[in-house]
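> Let me give you the structure first, and then I'll get to my questions.
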Amino acid sequence: MMEKWKMEKVLSRSESESGNDTDRIMYARSQQRNFTKMPVTGGTPVTQEVAIAFRSIVFGTSVAPPRGEWLRTGFVFRDADKELAYGLKAPRNGCRGLLSVVQAYILKQLLFERKDFKKNEPVMQPEMLLRPSRGKQLEALWLAISDILWRIGEKTKAVVCLPQDQPYVSHSLNYFQDSVTEKLHIFEIANLEELQIFIKRYIHLFLEEPGPGALLLLYSAVATRGTKNVISDIMDEKGYLVTGAEEGSQSIIMLLLTGRATPYLHNGVVYVGDEEHYAIPQFGVLQRSEIGFLLFDEGVEEKAPGSRLKTPSLPIWVVCCLGHFGVIFNTNRELLRNYHAERRFELIYYTCGGSQCQLTVDTRHDGSSTQVSTSEDTASSSLANLEKLIHTKWQDAHIHWNGTSNFI
């Protein structure tokens, strides 16, 4: 049984250390701030059985080294108080899909979960909310991570995996050390507020660059869902999460968005079979998602997301266009609740690689043949493919490109 994290122990330790010299760590220049490096205390040390299970369900094997990018990709923000300050940045690798989901939840926190609003205070314009200070960036990150794990745990618990300095699993024929998995301590937390405080305390472990921040979140998601449940979600006893997909597998995206690592995007349960075989249930999205998902890829129309992903409760979508992940969003919370608001509206597209563009989607059908105005060459492959992706949600809409579009 995992040892539950005790709030009073953490707080008392913090108070007792407050008068002592503390180790400080400087992160990448983009972080621009010193952080107290709090050592990980408590929890349950990882066993060989658990370490092998984690590596097998995530990477497919425990006897070979994991893909290197997962050991050196953390959550790094762009410069605070500037344009794109809301954005994470990362090279194009297998972690990009996971980071895009976290980016979507960061936008949720910045735009729609503001808790410091005071009565009679002027409403802050979305443009300012998207230029957060360093403190707001970090707050949005730990709240986003907490939100993701709490939803995976069905709002009853979350399991967090964090490394210490001491390895608990030796290098052997059955296990290849990676400097992270064998050092994990596992914490089970059954209260959302305690989870948020816990993630805040150890946020520096997710920020390190290079560092395993993305892997720690993925391990925590798997532990919260349960390795047996993840295998059941994938519907393949030999399946695993980190596949050969350039920017990450669909199962990772669905695990973080919906709480189930399903490879299927349709609504509900579909039974697949024929006269000679029993019908097998394929579990898709069981309820409306808070953050949406849109997909465009050549020849995969049958895998199109269902309405529970296309029409989320918030106007934020993780998107995958020809295998490349990003997010699109609108700053009006009521967009998908008001038919009139959805007739003509703005979208912002962003990727962790630095691509950004703004566009207007016009769904009105007045029979006119108005020429779409654009400041970019819409014949270019990037813009044309992005238009096709948007049309998977708003079919036949006119798309107007605004300002300068930057694709990386």
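Chain identifiers are assigned as A, B, and so on, following the order in which chains appear in the structure tokens; residues are numbered from 1 within each chain, and ligands are numbered from 1 in order of appearance.
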List as a count of residues only the protein and nucleic acid residues near A:Glu154, meaning an atom at most 9 Å away when only C-alpha atoms are counted, but skip any in the same chain fewer than 5 places from it.
3
> Could you name the residues that touch stretch 185-192 of chain A at 9 Å or less, counting only C-alpha atoms, but leaving out those on the same chain fewer than 4 positions away, as a PyMOL selection string?
chain A and resi 2-6+40-46+146-147+150+155-164+196-198+220+223-224
> Given only C-alpha atoms as the basis, pick out the residue of A:Val269, A:Leu359, A:Val222, A:Cys95 nearest to A:Ala53.
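Looking only at the distances to A:Ala53, the closest residue turns out to be A:Val222.
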> For stretch 79-84 of chain A, work out the shell of residues within 8 Å, counting only C-alpha atoms and skipping chain neighbours fewer than 2 positions away, then give it as a list of chain:residue names.
A:Ser30, A:Gln31, A:Phe77, A:Tyr86, A:Gly87, A:Leu130, A:Arg131, A:Pro132, A:Ser133, A:Arg134, A:Gln137
> Please identify all polymer residues within 9 Å of A:Leu309, counting only C-alpha atoms, omitting same-chain residues fewer than 2 positions from it, and present them as a short mmCIF file (atom, residue, chain, number, x, y, z; two decimals) with N, CA, C and O atoms, in the first residue's frame.

data_model
loop_
_atom_site.label_atom_id
_atom_site.label_comp_id
_atom_site.auth_asym_id
_atom_site.auth_seq_id
_atom_site.Cartn_x
_atom_site.Cartn_y
_atom_site.Cartn_z
N LEU A 265 -11.13 7.53 -30.87
CA LEU A 265 -11.59 8.91 -30.68
C LEU A 265 -13.10 9.06 -30.77
O LEU A 265 -13.62 10.16 -30.56
N HIS A 266 -13.82 7.99 -31.09
CA HIS A 266 -15.26 8.09 -31.28
C HIS A 266 -15.98 8.25 -29.93
O HIS A 266 -15.39 8.00 -28.86
N ASN A 267 -17.23 8.64 -29.99
CA ASN A 267 -18.05 8.75 -28.77
C ASN A 267 -18.43 7.36 -28.27
O ASN A 267 -18.77 6.47 -29.06
N VAL A 285 -14.46 7.89 -26.24
CA VAL A 285 -14.59 8.98 -25.25
C VAL A 285 -15.95 8.85 -24.60
O VAL A 285 -16.98 8.95 -25.27
N GLN A 287 -17.38 10.67 -22.11
CA GLN A 287 -18.11 11.88 -21.74
C GLN A 287 -17.46 13.09 -22.42
O GLN A 287 -16.34 13.01 -22.90
N ARG A 288 -18.20 14.18 -22.44
CA ARG A 288 -17.70 15.39 -23.10
C ARG A 288 -16.41 15.85 -22.44
O ARG A 288 -16.31 15.95 -21.22
N SER A 289 -15.42 16.11 -23.25
CA SER A 289 -14.12 16.52 -22.74
C SER A 289 -14.11 18.02 -22.46
O SER A 289 -14.78 18.80 -23.13
N GLU A 290 -13.36 18.41 -21.45
CA GLU A 290 -13.22 19.83 -21.15
C GLU A 290 -12.32 20.52 -22.17
O GLU A 290 -12.58 21.63 -22.61
N ILE A 291 -11.23 19.86 -22.55
CA ILE A 291 -10.32 20.31 -23.60
C ILE A 291 -10.54 19.43 -24.81
O ILE A 291 -10.59 18.20 -24.70
N GLY A 292 -10.66 20.02 -25.99
CA GLY A 292 -10.98 19.25 -27.18
C GLY A 292 -9.76 18.68 -27.88
O GLY A 292 -8.61 18.92 -27.50
N PHE A 293 -10.03 17.93 -28.95
CA PHE A 293 -8.97 17.36 -29.78
C PHE A 293 -9.45 17.31 -31.22
O PHE A 293 -10.54 16.82 -31.51
N LEU A 294 -8.64 17.85 -32.11
CA LEU A 294 -8.92 17.82 -33.55
C LEU A 294 -7.77 17.13 -34.26
O LEU A 294 -6.60 17.30 -33.88
N PRO A 305 -12.18 12.43 -34.68
CA PRO A 305 -12.72 12.55 -33.33
C PRO A 305 -14.23 12.72 -33.34
O PRO A 305 -14.81 13.30 -34.26
N GLY A 306 -14.89 12.19 -32.31
CA GLY A 306 -16.33 12.37 -32.15
C GLY A 306 -16.66 13.73 -31.57
O GLY A 306 -15.77 14.52 -31.23
N SER A 307 -17.93 13.98 -31.41
CA SER A 307 -18.39 15.30 -30.96
C SER A 307 -17.92 15.63 -29.55
O SER A 307 -17.78 16.80 -29.20
N THR A 311 -16.33 19.19 -29.72
CA THR A 311 -17.06 20.27 -29.06
C THR A 311 -16.87 20.15 -27.55
O THR A 311 -17.73 19.65 -26.83
N PRO A 312 -15.72 20.59 -27.05
CA PRO A 312 -15.45 20.51 -25.61
C PRO A 312 -16.21 21.59 -24.85
O PRO A 312 -16.88 22.43 -25.45
N TRP A 317 -8.45 23.49 -27.95
CA TRP A 317 -8.28 22.19 -28.59
C TRP A 317 -6.80 21.85 -28.71
O TRP A 317 -6.00 22.69 -29.15
#
> Looking only at the backbone, which of the residues in stretch 57-257 of chain A does DSSP tag as helix (DSSP H, G or I), as number ranges by chain?
A: 57-59, 68-71, 96-112, 126-129, 134-152, 181-183, 192-201, 203-207, 213-225, 227-234, 250-257
> Go ahead and write the residues just picked, C-alpha atoms, as a short mmCIF file (atom, residue, chain, number, x, y, z; two decimals), in the first residue's frame.

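Below is the file that was written, selection-v5.cif:
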data_model
loop_
_atom_site.label_atom_id
_atom_site.label_comp_id
_atom_site.auth_asym_id
_atom_site.auth_seq_id
_atom_site.Cartn_x
_atom_site.Cartn_y
_atom_site.Cartn_z
CA ILE A 57 3.96 0.12 -20.34
CA VAL A 58 5.60 3.44 -21.30
CA PHE A 59 8.52 2.34 -23.51
CA GLY A 68 16.51 9.87 -24.73
CA GLU A 69 14.24 12.88 -25.22
CA TRP A 70 12.04 11.73 -22.32
CA LEU A 71 15.01 12.05 -19.96
CA ARG A 96 5.66 17.33 -28.09
CA GLY A 97 2.18 15.80 -27.87
CA LEU A 98 2.29 15.56 -24.07
CA LEU A 99 3.56 19.13 -23.79
CA SER A 100 0.74 20.30 -26.06
CA VAL A 101 -1.85 18.85 -23.67
CA VAL A 102 -0.16 20.60 -20.74
CA GLN A 103 -0.12 23.79 -22.83
CA ALA A 104 -3.88 23.51 -23.30
CA TYR A 105 -4.43 23.18 -19.55
CA ILE A 106 -2.11 26.14 -18.91
CA LEU A 107 -4.30 28.22 -21.22
CA LYS A 108 -7.36 27.04 -19.29
CA GLN A 109 -5.80 28.31 -16.07
CA LEU A 110 -4.69 31.65 -17.52
CA LEU A 111 -7.90 32.46 -19.39
CA PHE A 112 -10.76 30.80 -17.53
CA PRO A 126 -7.26 38.51 -22.74
CA GLU A 127 -4.17 40.03 -24.32
CA MET A 128 -2.81 40.77 -20.85
CA LEU A 129 -3.80 37.37 -19.47
CA ARG A 134 6.89 34.53 -14.01
CA GLY A 135 4.81 33.81 -10.93
CA LYS A 136 1.63 33.37 -13.00
CA GLN A 137 3.45 31.05 -15.39
CA LEU A 138 4.49 28.75 -12.57
CA GLU A 139 1.07 28.87 -10.92
CA ALA A 140 -0.61 27.92 -14.19
CA LEU A 141 1.83 25.01 -14.62
CA TRP A 142 1.38 23.39 -11.22
CA LEU A 143 -2.38 23.88 -11.40
CA ALA A 144 -2.42 22.36 -14.89
CA ILE A 145 -0.43 19.30 -13.80
CA SER A 146 -2.67 18.87 -10.75
CA ASP A 147 -5.80 19.22 -12.88
CA ILE A 148 -4.63 16.55 -15.34
CA LEU A 149 -3.74 14.01 -12.66
CA TRP A 150 -6.89 14.69 -10.62
CA ARG A 151 -9.09 14.03 -13.65
CA ILE A 152 -7.23 10.82 -14.49
CA THR A 181 12.86 5.31 -13.00
CA GLU A 182 14.95 3.42 -10.44
CA LYS A 183 15.08 6.51 -8.18
CA LEU A 192 -7.05 18.22 -4.69
CA GLU A 193 -5.78 21.12 -2.59
CA GLU A 194 -3.05 18.95 -1.07
CA LEU A 195 -2.12 17.77 -4.56
CA GLN A 196 -1.75 21.36 -5.76
CA ILE A 197 0.44 22.29 -2.79
CA PHE A 198 2.55 19.16 -3.30
CA ILE A 199 3.13 19.82 -7.02
CA LYS A 200 3.93 23.47 -6.22
CA ARG A 201 6.54 22.40 -3.67
CA ILE A 203 7.67 22.15 -9.34
CA HIS A 204 11.43 22.60 -9.85
CA LEU A 205 11.67 18.91 -10.80
CA PHE A 206 9.32 19.52 -13.73
CA LEU A 207 11.11 22.71 -14.80
CA GLY A 213 9.72 16.70 -16.32
CA ALA A 214 7.65 15.26 -19.18
CA LEU A 215 8.49 11.69 -18.14
CA LEU A 216 7.58 12.39 -14.50
CA LEU A 217 4.15 13.57 -15.59
CA LEU A 218 3.68 10.54 -17.84
CA TYR A 219 4.75 8.14 -15.08
CA SER A 220 2.40 9.91 -12.66
CA ALA A 221 -0.46 9.65 -15.15
CA VAL A 222 0.17 5.92 -15.63
CA ALA A 223 0.43 5.34 -11.87
CA THR A 224 -2.78 7.30 -11.25
CA ARG A 225 -4.68 5.36 -13.91
CA THR A 227 -0.76 0.00 -15.20
CA LYS A 228 -3.37 -2.74 -15.63
CA ASN A 229 -6.01 -0.18 -16.61
CA VAL A 230 -3.64 1.46 -19.10
CA ILE A 231 -2.96 -1.90 -20.77
CA SER A 232 -6.72 -2.52 -20.89
CA ASP A 233 -7.27 0.94 -22.40
CA ILE A 234 -4.74 0.29 -25.17
CA GLN A 250 -2.58 9.21 -29.59
CA SER A 251 -2.95 7.07 -26.46
CA ILE A 252 -0.79 9.50 -24.45
CA ILE A 253 -2.97 12.40 -25.60
CA MET A 254 -6.18 10.58 -24.67
CA LEU A 255 -4.80 9.53 -21.28
CA LEU A 256 -4.08 13.13 -20.33
CA LEU A 257 -7.23 14.57 -21.91
#
> Please list as a PyMOL selection string every residue within 7 Å of stretch 380-388 of chain A, counting only C-alpha atoms and excluding residues in the same chain fewer than 3 positions away.
chain A and resi 296+321+377+391-392
